[in-house]
Structures are given as structure tokens and as C-alpha cells.
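Participant: Just entry_32.txt, nothing more (compact mmCIF, C-alpha atoms):
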# COMPACT_ATOMS: atom_id res chain seq x y z
CA MET P 876 80.63 -157.21 -6.03
CA SER P 877 80.19 -155.02 -9.11
CA LEU P 878 78.14 -151.93 -8.56
CA THR P 879 75.11 -151.43 -10.69
CA SER P 880 75.40 -149.13 -13.67
CA LEU P 881 73.22 -146.58 -11.91
CA SER P 882 75.91 -146.07 -9.30
CA GLU P 883 78.79 -145.41 -11.69
CA GLY P 884 80.23 -141.97 -11.55
CA TYR P 885 78.81 -141.35 -8.09
CA ALA P 886 81.28 -140.60 -5.34
CA PRO P 887 80.84 -142.74 -2.21
CA MET P 888 78.42 -141.19 0.22
CA ARG P 889 78.48 -141.21 3.97
CA ILE P 890 75.20 -142.42 5.31
CA ILE P 891 73.88 -144.12 8.44
CA VAL P 892 72.32 -147.54 7.93
CA ASN P 893 70.61 -149.19 10.90
CA GLY P 894 72.55 -146.94 13.23
CA ASP P 895 76.01 -147.60 11.72
CA ALA P 896 77.98 -145.10 9.64
CA ARG P 897 78.85 -146.46 6.19
CA GLU P 898 80.42 -145.25 3.00
CA VAL P 899 78.52 -146.64 0.07
CA LYS P 900 78.45 -146.15 -3.66
CA ALA P 901 74.72 -146.51 -4.04
CA ALA P 902 72.56 -144.15 -6.03
CA THR P 903 69.20 -145.50 -4.91
CA ILE P 904 67.57 -147.54 -2.18
CA ALA P 905 67.46 -150.50 -4.58
CA ASP P 906 71.25 -150.23 -5.09
CA LEU P 907 71.82 -150.05 -1.37
CA LEU P 908 69.76 -153.17 -0.65
CA THR P 909 71.71 -155.06 -3.31
CA ILE P 910 75.08 -153.92 -1.99
CA LEU P 911 74.13 -154.82 1.58
CA GLU P 912 72.80 -158.23 0.48
CA ALA P 913 69.55 -157.50 2.30
CA PRO P 914 66.77 -160.11 2.05
CA GLN P 915 64.56 -159.74 -1.03
CA LYS P 916 61.23 -159.98 0.79
CA GLY P 917 59.56 -158.90 3.99
CA LEU P 918 61.46 -155.67 4.48
CA ALA P 919 60.48 -152.14 5.30
CA VAL P 920 62.80 -149.23 4.61
CA GLU P 921 62.82 -145.76 6.09
CA ARG P 922 64.83 -142.89 4.66
CA ASN P 923 65.17 -140.01 7.08
CA ARG P 924 62.17 -141.25 9.04
CA ALA P 925 59.88 -141.49 6.02
CA ILE P 926 58.86 -144.93 4.76
CA VAL P 927 60.01 -145.72 1.23
CA PRO P 928 57.42 -148.01 -0.39
CA LYS P 929 58.81 -151.00 -2.29
CA SER P 930 57.56 -149.54 -5.56
CA LEU P 931 59.88 -146.56 -5.06
CA TYR P 932 63.13 -148.40 -4.17
CA LYS P 933 64.55 -147.86 -7.67
CA SER P 934 63.58 -144.23 -7.95
CA THR P 935 64.45 -143.04 -4.43
CA LEU P 936 67.88 -141.44 -4.47
CA ILE P 937 70.27 -141.67 -1.56
CA LEU P 938 71.98 -138.46 -0.54
CA ASP P 939 74.99 -137.76 1.62
CA GLY P 940 74.05 -137.80 5.30
CA ASP P 941 70.89 -139.86 4.86
CA GLU P 942 69.74 -142.02 7.73
CA ILE P 943 68.35 -145.33 6.51
CA GLU P 944 66.57 -147.98 8.54
CA ILE P 945 66.00 -151.46 7.13
CA VAL P 946 63.74 -153.63 9.27
CA GLN P 947 61.98 -156.99 9.16
CA PHE P 948 59.88 -159.24 11.38
CA VAL P 949 61.73 -161.18 14.07
CA GLY P 950 60.58 -163.31 16.98
CA GLY P 951 58.82 -161.34 19.69
CA GLY P 952 56.09 -161.59 22.29
CA MET X 1078 29.82 -186.97 17.10
CA ALA X 1079 28.67 -185.73 20.47
CA ASP X 1080 26.66 -182.53 20.45
CA GLY X 1081 29.17 -180.81 22.73
CA GLN X 1082 32.00 -181.61 20.38
CA ALA X 1083 30.10 -180.24 17.38
CA LYS X 1084 29.45 -177.04 19.30
CA SER X 1085 33.12 -176.52 20.16
CA GLU X 1086 34.20 -176.92 16.56
CA LYS X 1087 31.97 -174.07 15.47
CA ASP X 1088 33.17 -171.90 18.33
CA GLY X 1089 35.74 -169.75 16.52
CA LEU X 1090 37.23 -166.42 17.45
CA VAL X 1091 36.42 -163.45 15.21
CA ILE X 1092 38.69 -160.40 15.36
CA ALA X 1093 38.19 -157.46 13.00
CA GLY X 1094 36.12 -159.68 10.70
CA ARG X 1095 38.76 -162.43 10.55
CA ARG X 1096 37.91 -165.88 11.84
CA PHE X 1097 40.40 -167.93 13.86
CA ASN X 1098 39.89 -171.51 14.96
CA SER X 1099 42.30 -171.27 17.87
CA ARG X 1100 41.82 -169.02 20.86
CA LEU X 1101 45.47 -169.33 21.80
CA ILE X 1102 47.83 -166.71 20.38
CA ILE X 1103 51.51 -167.29 20.98
CA GLY X 1104 54.59 -165.11 20.89
CA THR X 1105 57.75 -165.88 18.94
CA GLY X 1106 60.33 -164.49 21.35
CA LYS X 1107 62.78 -166.18 23.76
CA TYR X 1108 62.83 -169.57 22.04
CA LYS X 1109 66.10 -171.49 21.68
CA ASN X 1110 65.69 -171.13 17.92
CA TYR X 1111 63.00 -170.62 15.30
CA ALA X 1112 62.71 -174.38 14.70
CA GLU X 1113 61.65 -174.93 18.31
CA ASN X 1114 59.32 -171.97 17.99
CA ALA X 1115 57.68 -173.53 14.94
CA ALA X 1116 57.25 -176.87 16.73
CA ALA X 1117 55.63 -175.06 19.67
CA ALA X 1118 53.25 -173.16 17.38
CA GLU X 1119 52.25 -176.47 15.82
CA ALA X 1120 51.67 -178.09 19.23
CA ALA X 1121 49.75 -175.05 20.45
CA GLY X 1122 47.46 -175.26 17.43
CA ALA X 1123 47.88 -171.49 17.09
CA ASP X 1124 46.56 -169.54 14.10
CA MET X 1125 48.12 -166.25 15.11
CA VAL X 1126 51.62 -165.37 16.32
CA THR X 1127 53.00 -162.09 17.56
CA VAL X 1128 56.17 -160.80 15.94
CA ALA X 1129 58.48 -157.87 16.54
CA VAL X 1130 59.88 -155.35 14.06
CA ARG X 1131 63.66 -155.02 14.27
CA ARG X 1132 66.65 -153.95 12.22
CA VAL X 1133 67.89 -156.45 9.63
CA ASN X 1134 71.21 -157.96 10.69
CA LEU X 1135 73.40 -156.61 7.89
CA SER X 1136 76.63 -158.10 9.23
CA ASP X 1137 75.31 -161.65 8.76
CA PRO X 1138 72.87 -161.90 5.84
CA SER X 1139 72.77 -165.70 6.15
CA LYS X 1140 71.13 -165.53 9.58
CA GLU X 1141 67.89 -167.52 9.99
CA ARG X 1142 64.72 -165.59 9.29
CA LEU X 1143 61.45 -166.05 11.14
CA THR X 1144 59.45 -166.30 7.91
CA GLU X 1145 61.43 -169.39 6.87
CA PHE X 1146 60.11 -171.28 9.91
CA LEU X 1147 56.68 -169.78 10.54
CA ASP X 1148 54.96 -169.31 7.20
CA PRO X 1149 53.00 -166.03 7.19
CA LYS X 1150 50.48 -167.72 4.88
CA ARG X 1151 49.71 -170.26 7.59
CA TYR X 1152 50.04 -168.09 10.69
CA THR X 1153 48.57 -164.64 10.92
CA TYR X 1154 51.47 -162.40 11.92
CA LEU X 1155 50.50 -159.90 14.56
CA PRO X 1156 53.24 -157.24 14.62
CA ASN X 1157 53.80 -155.75 18.05
CA THR X 1158 55.35 -152.58 19.39
CA ALA X 1159 57.36 -154.23 22.16
CA GLY X 1160 60.04 -151.90 23.44
CA CYS X 1161 58.09 -148.75 22.57
CA PHE X 1162 57.66 -146.26 25.39
CA THR X 1163 55.91 -143.48 23.48
CA ALA X 1164 52.93 -143.33 21.15
CA ASP X 1165 55.19 -141.90 18.42
CA ASP X 1166 57.60 -144.85 18.57
CA ALA X 1167 54.72 -147.31 18.49
CA ILE X 1168 53.12 -145.65 15.47
CA ARG X 1169 56.45 -145.52 13.63
CA THR X 1170 57.01 -149.23 14.31
CA LEU X 1171 53.57 -150.26 13.10
CA ARG X 1172 53.82 -148.17 9.93
CA LEU X 1173 57.01 -150.10 9.18
CA ALA X 1174 55.22 -153.36 9.99
CA ARG X 1175 52.44 -152.50 7.58
CA GLU X 1176 55.00 -151.79 4.87
CA ALA X 1177 56.93 -155.01 5.56
CA GLY X 1178 53.92 -157.28 5.80
CA GLY X 1179 51.19 -155.51 3.94
CA TRP X 1180 48.51 -156.02 6.59
CA THR X 1181 46.81 -153.77 9.11
CA LEU X 1182 45.97 -156.06 12.07
CA VAL X 1183 48.47 -155.14 14.79
CA LYS X 1184 49.18 -155.41 18.50
CA LEU X 1185 49.72 -152.07 20.18
CA GLU X 1186 51.64 -151.84 23.42
CA VAL X 1187 53.08 -148.65 24.85
CA LEU X 1188 55.10 -149.37 27.95
CA SER X 1189 55.91 -147.18 30.92
CA ASP X 1190 59.17 -148.45 32.42
CA GLN X 1191 61.69 -151.26 32.01
CA LYS X 1192 61.15 -152.74 35.45
CA THR X 1193 57.45 -153.48 35.16
CA LEU X 1194 56.76 -153.06 31.42
CA TYR X 1195 53.38 -151.87 32.68
CA PRO X 1196 51.31 -150.27 29.93
CA ASP X 1197 51.24 -146.47 29.83
CA MET X 1198 47.53 -146.11 29.30
CA GLU X 1199 47.48 -142.42 28.41
CA GLU X 1200 50.01 -142.96 25.61
CA THR X 1201 48.34 -146.23 24.62
CA LEU X 1202 44.97 -144.55 24.13
CA ARG X 1203 46.56 -141.69 22.18
CA ALA X 1204 48.41 -144.12 19.90
CA ALA X 1205 45.30 -146.26 19.42
CA LYS X 1206 43.26 -143.30 18.20
CA LEU X 1207 45.97 -142.21 15.75
CA LEU X 1208 46.48 -145.74 14.41
CA ILE X 1209 42.77 -146.36 13.94
CA ALA X 1210 42.51 -143.07 12.05
CA GLU X 1211 45.24 -144.38 9.73
CA GLY X 1212 43.27 -147.56 9.02
CA PHE X 1213 44.99 -149.98 11.40
CA GLU X 1214 43.02 -152.68 13.20
CA VAL X 1215 44.36 -152.44 16.71
CA MET X 1216 44.51 -155.22 19.27
CA VAL X 1217 45.58 -153.36 22.36
CA TYR X 1218 47.65 -154.47 25.35
CA CYS X 1219 46.28 -152.66 28.37
CA SER X 1220 46.02 -152.59 32.13
CA ASP X 1221 43.08 -154.40 33.77
CA ASP X 1222 41.35 -151.06 34.43
CA PRO X 1223 37.77 -151.37 33.12
CA VAL X 1224 37.54 -147.60 32.57
CA TYR X 1225 40.52 -147.48 30.21
CA ALA X 1226 39.34 -150.72 28.59
CA ARG X 1227 36.07 -149.00 27.74
CA LYS X 1228 37.84 -145.93 26.37
CA LEU X 1229 39.96 -148.15 24.13
CA GLU X 1230 36.88 -149.97 22.90
CA ASP X 1231 35.08 -146.69 22.27
CA ALA X 1232 38.11 -145.52 20.29
CA GLY X 1233 37.53 -148.48 17.97
CA CYS X 1234 40.08 -151.10 19.04
CA ALA X 1235 39.54 -154.54 17.51
CA ALA X 1236 40.40 -156.44 20.70
CA ILE X 1237 41.00 -155.47 24.32
CA MET X 1238 43.99 -157.30 25.81
CA PRO X 1239 44.38 -156.72 29.55
CA LEU X 1240 47.37 -158.14 31.40
CA GLY X 1241 46.84 -161.05 33.78
CA SER X 1242 50.04 -159.91 35.50
CA LEU X 1243 53.32 -158.34 34.38
CA ILE X 1244 54.87 -159.37 31.06
CA GLY X 1245 57.08 -162.42 31.50
CA SER X 1246 56.27 -162.76 35.22
CA GLY X 1247 54.26 -165.99 35.10
CA LEU X 1248 52.23 -164.77 38.08
CA GLY X 1249 48.89 -165.73 36.56
CA ILE X 1250 45.61 -163.79 36.70
CA GLN X 1251 46.16 -161.39 39.60
CA ASN X 1252 42.86 -159.55 39.38
CA PRO X 1253 40.13 -161.89 38.16
CA VAL X 1254 37.43 -159.49 39.34
CA ASN X 1255 38.63 -156.77 36.97
CA ILE X 1256 39.12 -159.19 34.09
CA ARG X 1257 35.54 -160.34 34.62
CA LEU X 1258 34.28 -156.73 34.65
CA ILE X 1259 36.09 -156.05 31.38
CA VAL X 1260 34.65 -159.23 29.83
CA GLU X 1261 31.12 -158.25 30.83
CA GLN X 1262 31.26 -154.72 29.45
CA THR X 1263 33.18 -155.34 26.22
CA ARG X 1264 31.63 -156.13 22.84
CA VAL X 1265 34.89 -156.83 20.97
CA PRO X 1266 37.05 -159.84 21.91
CA VAL X 1267 38.86 -159.72 25.26
CA ILE X 1268 42.18 -161.55 25.30
CA VAL X 1269 44.34 -161.92 28.39
CA ASP X 1270 47.80 -160.87 27.31
CA ALA X 1271 50.75 -161.39 29.65
CA GLY X 1272 51.17 -163.08 32.99
CA VAL X 1273 50.15 -166.64 32.21
CA GLY X 1274 52.63 -169.04 33.83
CA THR X 1275 51.11 -172.45 33.45
CA ALA X 1276 48.10 -174.24 32.00
CA SER X 1277 45.72 -173.53 34.89
CA ASP X 1278 46.27 -169.77 34.45
CA ALA X 1279 45.14 -170.02 30.83
CA ALA X 1280 42.12 -172.09 31.86
CA ILE X 1281 41.19 -169.50 34.51
CA ALA X 1282 41.34 -166.70 31.93
CA MET X 1283 39.01 -168.63 29.66
CA GLU X 1284 36.67 -169.61 32.51
CA LEU X 1285 36.31 -165.91 33.29
CA GLY X 1286 34.83 -165.55 29.81
CA CYS X 1287 37.80 -164.20 27.93
CA ASP X 1288 37.75 -164.82 24.20
CA GLY X 1289 41.38 -165.86 24.04
CA VAL X 1290 44.79 -165.89 25.67
CA LEU X 1291 48.08 -164.52 24.36
CA MET X 1292 51.31 -165.85 25.84
CA ASN X 1293 54.99 -166.14 25.09
CA THR X 1294 57.26 -166.79 28.07
CA ALA X 1295 55.06 -169.49 29.65
CA ILE X 1296 55.76 -171.67 26.62
CA ALA X 1297 59.21 -170.44 25.55
CA GLU X 1298 60.74 -170.74 29.02
CA ALA X 1299 59.14 -174.06 29.99
CA LYS X 1300 61.65 -176.91 30.32
CA ASP X 1301 59.89 -178.55 27.37
CA PRO X 1302 58.30 -175.73 25.33
CA VAL X 1303 56.59 -178.02 22.84
CA LEU X 1304 54.91 -180.05 25.58
CA MET X 1305 53.86 -176.86 27.36
CA ALA X 1306 52.43 -175.52 24.09
CA SER X 1307 50.28 -178.64 23.90
CA ALA X 1308 49.24 -178.19 27.55
CA MET X 1309 48.20 -174.61 26.79
CA ARG X 1310 46.16 -175.70 23.81
CA HIS X 1311 44.21 -178.10 26.02
CA ALA X 1312 43.89 -175.54 28.83
CA VAL X 1313 42.41 -172.90 26.56
CA ILE X 1314 39.94 -175.38 25.07
CA ALA X 1315 39.04 -176.74 28.53
CA GLY X 1316 38.56 -173.27 30.01
CA ARG X 1317 36.44 -172.17 27.08
CA GLU X 1318 34.22 -175.23 27.24
CA ALA X 1319 33.82 -174.86 31.00
CA TYR X 1320 32.80 -171.23 30.53
CA ARG X 1321 30.27 -172.15 27.88
CA ALA X 1322 28.99 -175.11 29.86
CA GLY X 1323 28.30 -172.88 32.88
CA ARG X 1324 29.84 -174.01 36.11
CA MET X 1325 27.83 -175.37 39.05
CA GLY X 1326 26.99 -173.12 41.93
CA LYS X 1327 29.39 -173.04 44.88
CA LYS X 1328 28.07 -174.38 48.20
CA ARG X 1329 29.44 -174.20 51.68
CA TYR X 1330 28.53 -177.77 52.63
CA ALA X 1331 28.48 -181.21 51.06
CA ASP X 1332 25.75 -182.35 48.70
CA PRO X 1333 25.81 -186.12 48.10
CA SER X 1334 26.17 -187.25 44.51
CA SER X 1335 24.58 -190.68 45.11
CA PRO X 1336 20.82 -190.93 45.73
CA LEU X 1337 19.70 -191.08 49.34
CA ALA X 1338 16.61 -193.12 48.35
CA GLY X 1339 17.09 -196.90 48.50
CA LEU X 1340 19.93 -196.68 50.97
CA ILE X 1341 20.30 -200.04 52.71
Would you write out, as C-alpha cells, the structure that this file holds?
Facilitator:
Amino acid sequence: MSLTSLSEGYAPMRIIVNGDAREVKAATIADLLTILEAPQKGLAVERNRAIVPKSLYKSTLILDGDEIEIVQFVGGG
Amino acid sequence: MADGQAKSEKDGLVIAGRRFNSRLIIGTGKYKNYAENAAAAEAAGADMVTVAVRRVNLSDPSKERLTEFLDPKRYTYLPNTAGCFTADDAIRTLRLAREAGGWTLVKLEVLSDQKTLYPDMEETLRAAKLLIAEGFEVMVYCSDDPVYARKLEDAGCAAIMPLGSLIGSGLGIQNPVNIRLIVEQTRVPVIVDAGVGTASDAAIAMELGCDGVLMNTAIAEAKDPVLMASAMRHAVIAGREAYRAGRMGKKRYADPSSPLAGLI
């Protein structure tokens, strides 16, 4: 997959996504969701325990060491 | 149309200003797959389903998603806090749910230990107050203690949801006296949540005057979940109608149903 233009020139960063360490070349939350092929709808994203609203996916930068959670609704009682 | 039938059709459930036709709320866990879950929801006639908030499976993006089978436009999703053992975890989970779904009606449960999944009422009450202050409409899973039920109602919870017995146990309504006390004192809907094992348990909850029943395992772990979902739909309707009809008084001795006059 080709990285988005936003990500060019950025060195890969080490972050934790849903508990797993990853090296990604993503500048923003929007980049990260694209790279990870996350579903387009029905998500919630936390960066370092703070919720990132959908309207801020493109403007929220990812920094080395960030802990990201990406969640959705699943079956439950 | 018979008068009784007309009455039952108008007899909806109102929670936090929202009207629901069905008094049966079902879970979406433990099913063989989401397709079976959707068929059960259809058979149950449910308007509301509980859902959990979990990490997206990033290793397999093609995995089935709940929303593809149970349309959130048709079913009101009630996000839960299953697996949360502290108020802080529960609040974090429901903030994420609000972001993912965009709605504020939620099911709060704060559990005490893995063995019983019994609600930790101190943490539950603390979480309820914080969530209500943030604008959530909280349907709260709780013990069958009328004192805590009142505190939760006073805190502003949208529905009080005492357990019939432990989550997933199928042991039925273990303390009908307490459930009845809670029903009598509570002005918001009372919904028995957890413990129902079979149709008669659901009917008993409704006969006690509960406004609804929430269940998951009783349907999901039945041999035929779709048939059990249908049984539960009938049980909830039957129990509700029996409650509204007002049962006959109990007597210790026989009372003949046929007239004694004119006996040959």
C-alpha cells in the first residue's frame, strides 16, 4: 500500500496499537486507520487515553511512543 | 379487535423518553454467529440489544461485524460495560461507546469478581453519578437490594436493572420478594437483568410487575436459540398481561368453577 503524502518524510514511529507494538509510517490518526485497513464507520479511537473525535482524525498527529486504542461494537450481553 | 388486545398494543415501554414496543431486551453475546443472533433478535421481537465495546481485530479486517447483521437503525444499541471492575474502566468504556455510536443511552455494570460477576454496588453508584453528570442516560445493572436501587434512582438512572440471579447462571428469579419491593418503590422502569433460564422465569419477572426483561445466555445457549427467542417473546407478553390483568387471590381450599345451583 502506498502511504499518503502526509506521511512522506516521516521516519517510522514505534507505537502501541490495541496492545501490540507496531512500527508505522503514519503522521496522523487518519493515516493510521488507512494503513491498518480499519473499518470506515462505527469506530472510536483513543490516543494516550484521550478520545480523538472523528472530526480530528486528520489533524491529530501521532508521536513516537503513543498508545492508540481502536474499538467498535461487538456482540455482548 | 378484542379490548384486551387493543390495550396490549398501546402498552409500550418508555425509557429516558424513548418508546419501545417490546419489553424484551436481548444480548448479542455467545451466539454461534451474528446471523443466528440476528434471527434470534427477529424471533424475540426485540427493539433493543446490548452490545460490548472491544478492540477492532486488526489482524483480520474482513471479519464479520455486528452492525452488518443487526442494523443500528432498526435495533437500539445499548452499549454495556461488561468486563469492567472499576468505575473508571466503565466510564472509559462508555465514553468510547458514545464516540463510536453517537448516542447516550447505555447499560452500566461494574462487577466485583470473576466467579460471581456480582455487581459492585459502591463502584456502580459512583460510576452512575459521574456518567449522569456527563449527560449519559444510564440503565444500571444492580443487585436486588432495594436500598441501593433507590440510591441509583435518586442519582438519576433511567432504568433500574436488578439481577434475577447471577449472570449466565439460568437460575431464575431467586428473590422475588426483593424484586417486588424494588418494583413498588421505583418510578423509572425496572428491568430484570441476568439469571433468566427459561420462559417461565421471564414470565415470573413480568408478573412481579417488572417493566421488562434483559437476557442473553437463556437464548444464546438454548439448543435452538431462535425458538427460545420466540418462547421468550411470548413469555414476556404473557407475564405482562397477567400482571396487568391482576391475578386471582390464592385460596387454601377448592372453590368449584361450576354452579352448585341446579345440580341434579
Participant: Can you pull out the residues contacting P:Ile937? Cut-off 10 Å, using all atoms listed in the file, and skip same-chain residues under 4 positions away; I want them as a PyMOL selection string.
Facilitator: chain P and resi 888-890+899-907+922+941-943
Participant: Pick the closest to chain P from X:Leu1143, X:Val1303, X:Cys1234, X:Val1224: which is it, counting only C-alpha atoms?
Facilitator: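 Residue with the minimum atom-to-atom distance to chain P: X:Leu1143.
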Participant: Can you tell me how far atom CA of X:Ala1232 sits from atom CA of X:Tyr1218, in Å to one decimal?
Facilitator: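 Here the two named atoms are 14.0 Å from each other.
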Participant: Where does chain X meet chain P within 8 Å, residue by residue, with the nearest atom pair and distance in Å to one decimal for each, counting all atoms listed in the file, listed by chain and rising number, as a tab-separated table?
Facilitator:
residue	atom	partner	partner_atom	distance
X:Ile1103	CA	P:Gly952	CA	7.4
X:Gly1104	CA	P:Gly952	CA	4.1
X:Thr1105	CA	P:Gly950	CA	4.3
X:Gly1106	CA	P:Gly951	CA	3.9
X:Lys1107	CA	P:Gly951	CA	7.5
X:Tyr1111	CA	P:Gly950	CA	7.9
X:Thr1127	CA	P:Gly952	CA	5.7
X:Val1128	CA	P:Gly951	CA	4.6
X:Ala1129	CA	P:Gly951	CA	4.7
X:Val1130	CA	P:Phe948	CA	4.7
X:Arg1131	CA	P:Val946	CA	5.2
X:Arg1132	CA	P:Val946	CA	4.2
X:Val1133	CA	P:Val946	CA	5.0
X:Leu1135	CA	P:Leu911	CA	6.6
X:Pro1138	CA	P:Glu912	CA	6.5
X:Arg1142	CA	P:Val949	CA	7.2
X:Leu1143	CA	P:Val949	CA	5.7
X:Thr1144	CA	P:Phe948	CA	7.9
X:Pro1156	CA	P:Phe948	CA	7.7
X:Asn1157	CA	P:Gly952	CA	7.6
X:Ala1159	CA	P:Gly952	CA	7.5
X:Arg1172	CA	P:Ile926	CA	7.9
X:Leu1173	CA	P:Ala919	CA	5.6
X:Ala1174	CA	P:Ala919	CA	7.2
X:Glu1176	CA	P:Ala919	CA	5.5
X:Ala1177	CA	P:Ala919	CA	4.6
X:Gly1178	CA	P:Gly917	CA	6.1
X:Met1292	CA	P:Gly952	CA	7.3
X:Asn1293	CA	P:Gly952	CA	5.5
X:Thr1294	CA	P:Gly952	CA	7.9
Participant: Any idea what the distance is between atom CA of X:Gln1251 and atom CA of X:Gly1316?
Facilitator: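 That distance, rounded to one decimal, is 17.1 Å.
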Participant: Can you work out the spacing between atom CA of X:Ile1314 and atom CA of X:Ala1280 in Å, to one decimal?
Facilitator: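 According to the coordinates, atom CA of X:Ile1314 and atom CA of X:Ala1280 are separated by 7.9 Å.
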Participant: Any idea what's packed within 6 Å of X:Cys1219, counting all atoms listed in the file, ignoring anything in its chain fewer than 5 positions away? Could you give it as a list in words?
Facilitator: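 The neighbour list is Pro1196, Met1238 and Pro1239 of chain X.
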Participant: Identify the residues within 12 Å of coordinate (39.3, -168.1, 36.2) (same frame as the file), considering all atoms listed in the file, and give the answer as a ChimeraX atom specification.
Facilitator: /X:1241,1249-1257,1260,1269,1273,1276-1287,1312-1313,1315-1317,1319-1320,1324
Participant: Would you compute the box with edges along x, y and z of the file around stretch 931-934 of chain P, including every atom the file lists for it and 4 Å extra on each side, and give its centre and edge lengths in Å to one decimal, as AutoDock Vina command-line options?
Facilitator:
--center_x 62.2 --center_y -146.3 --center_z -6.1 --size_x 12.7 --size_y 12.2 --size_z 11.8
Participant: Would you list the contacts of X:Arg1100 as a list in words, taking every protein, DNA or RNA residue within 8 Å and counting only C-alpha atoms, but skipping same-chain residues closer than 3 positions in sequence?
Facilitator: Gly1089, Leu1090, Phe1097, Ala1123, Asp1288, Gly1289, Val1290, Val1313 and Ile1314 of chain X
Participant: Using only C-alpha atoms, which protein or nucleic acid residues come within 7 Å of X:Lys1184? Drop anything in the same chain fewer than 4 positions from it, and give the result as a list in words.
Facilitator: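 The contact residues come out as Leu1155, Pro1156, Asn1157, Thr1158, Val1215, Met1216 and Val1217 of chain X.
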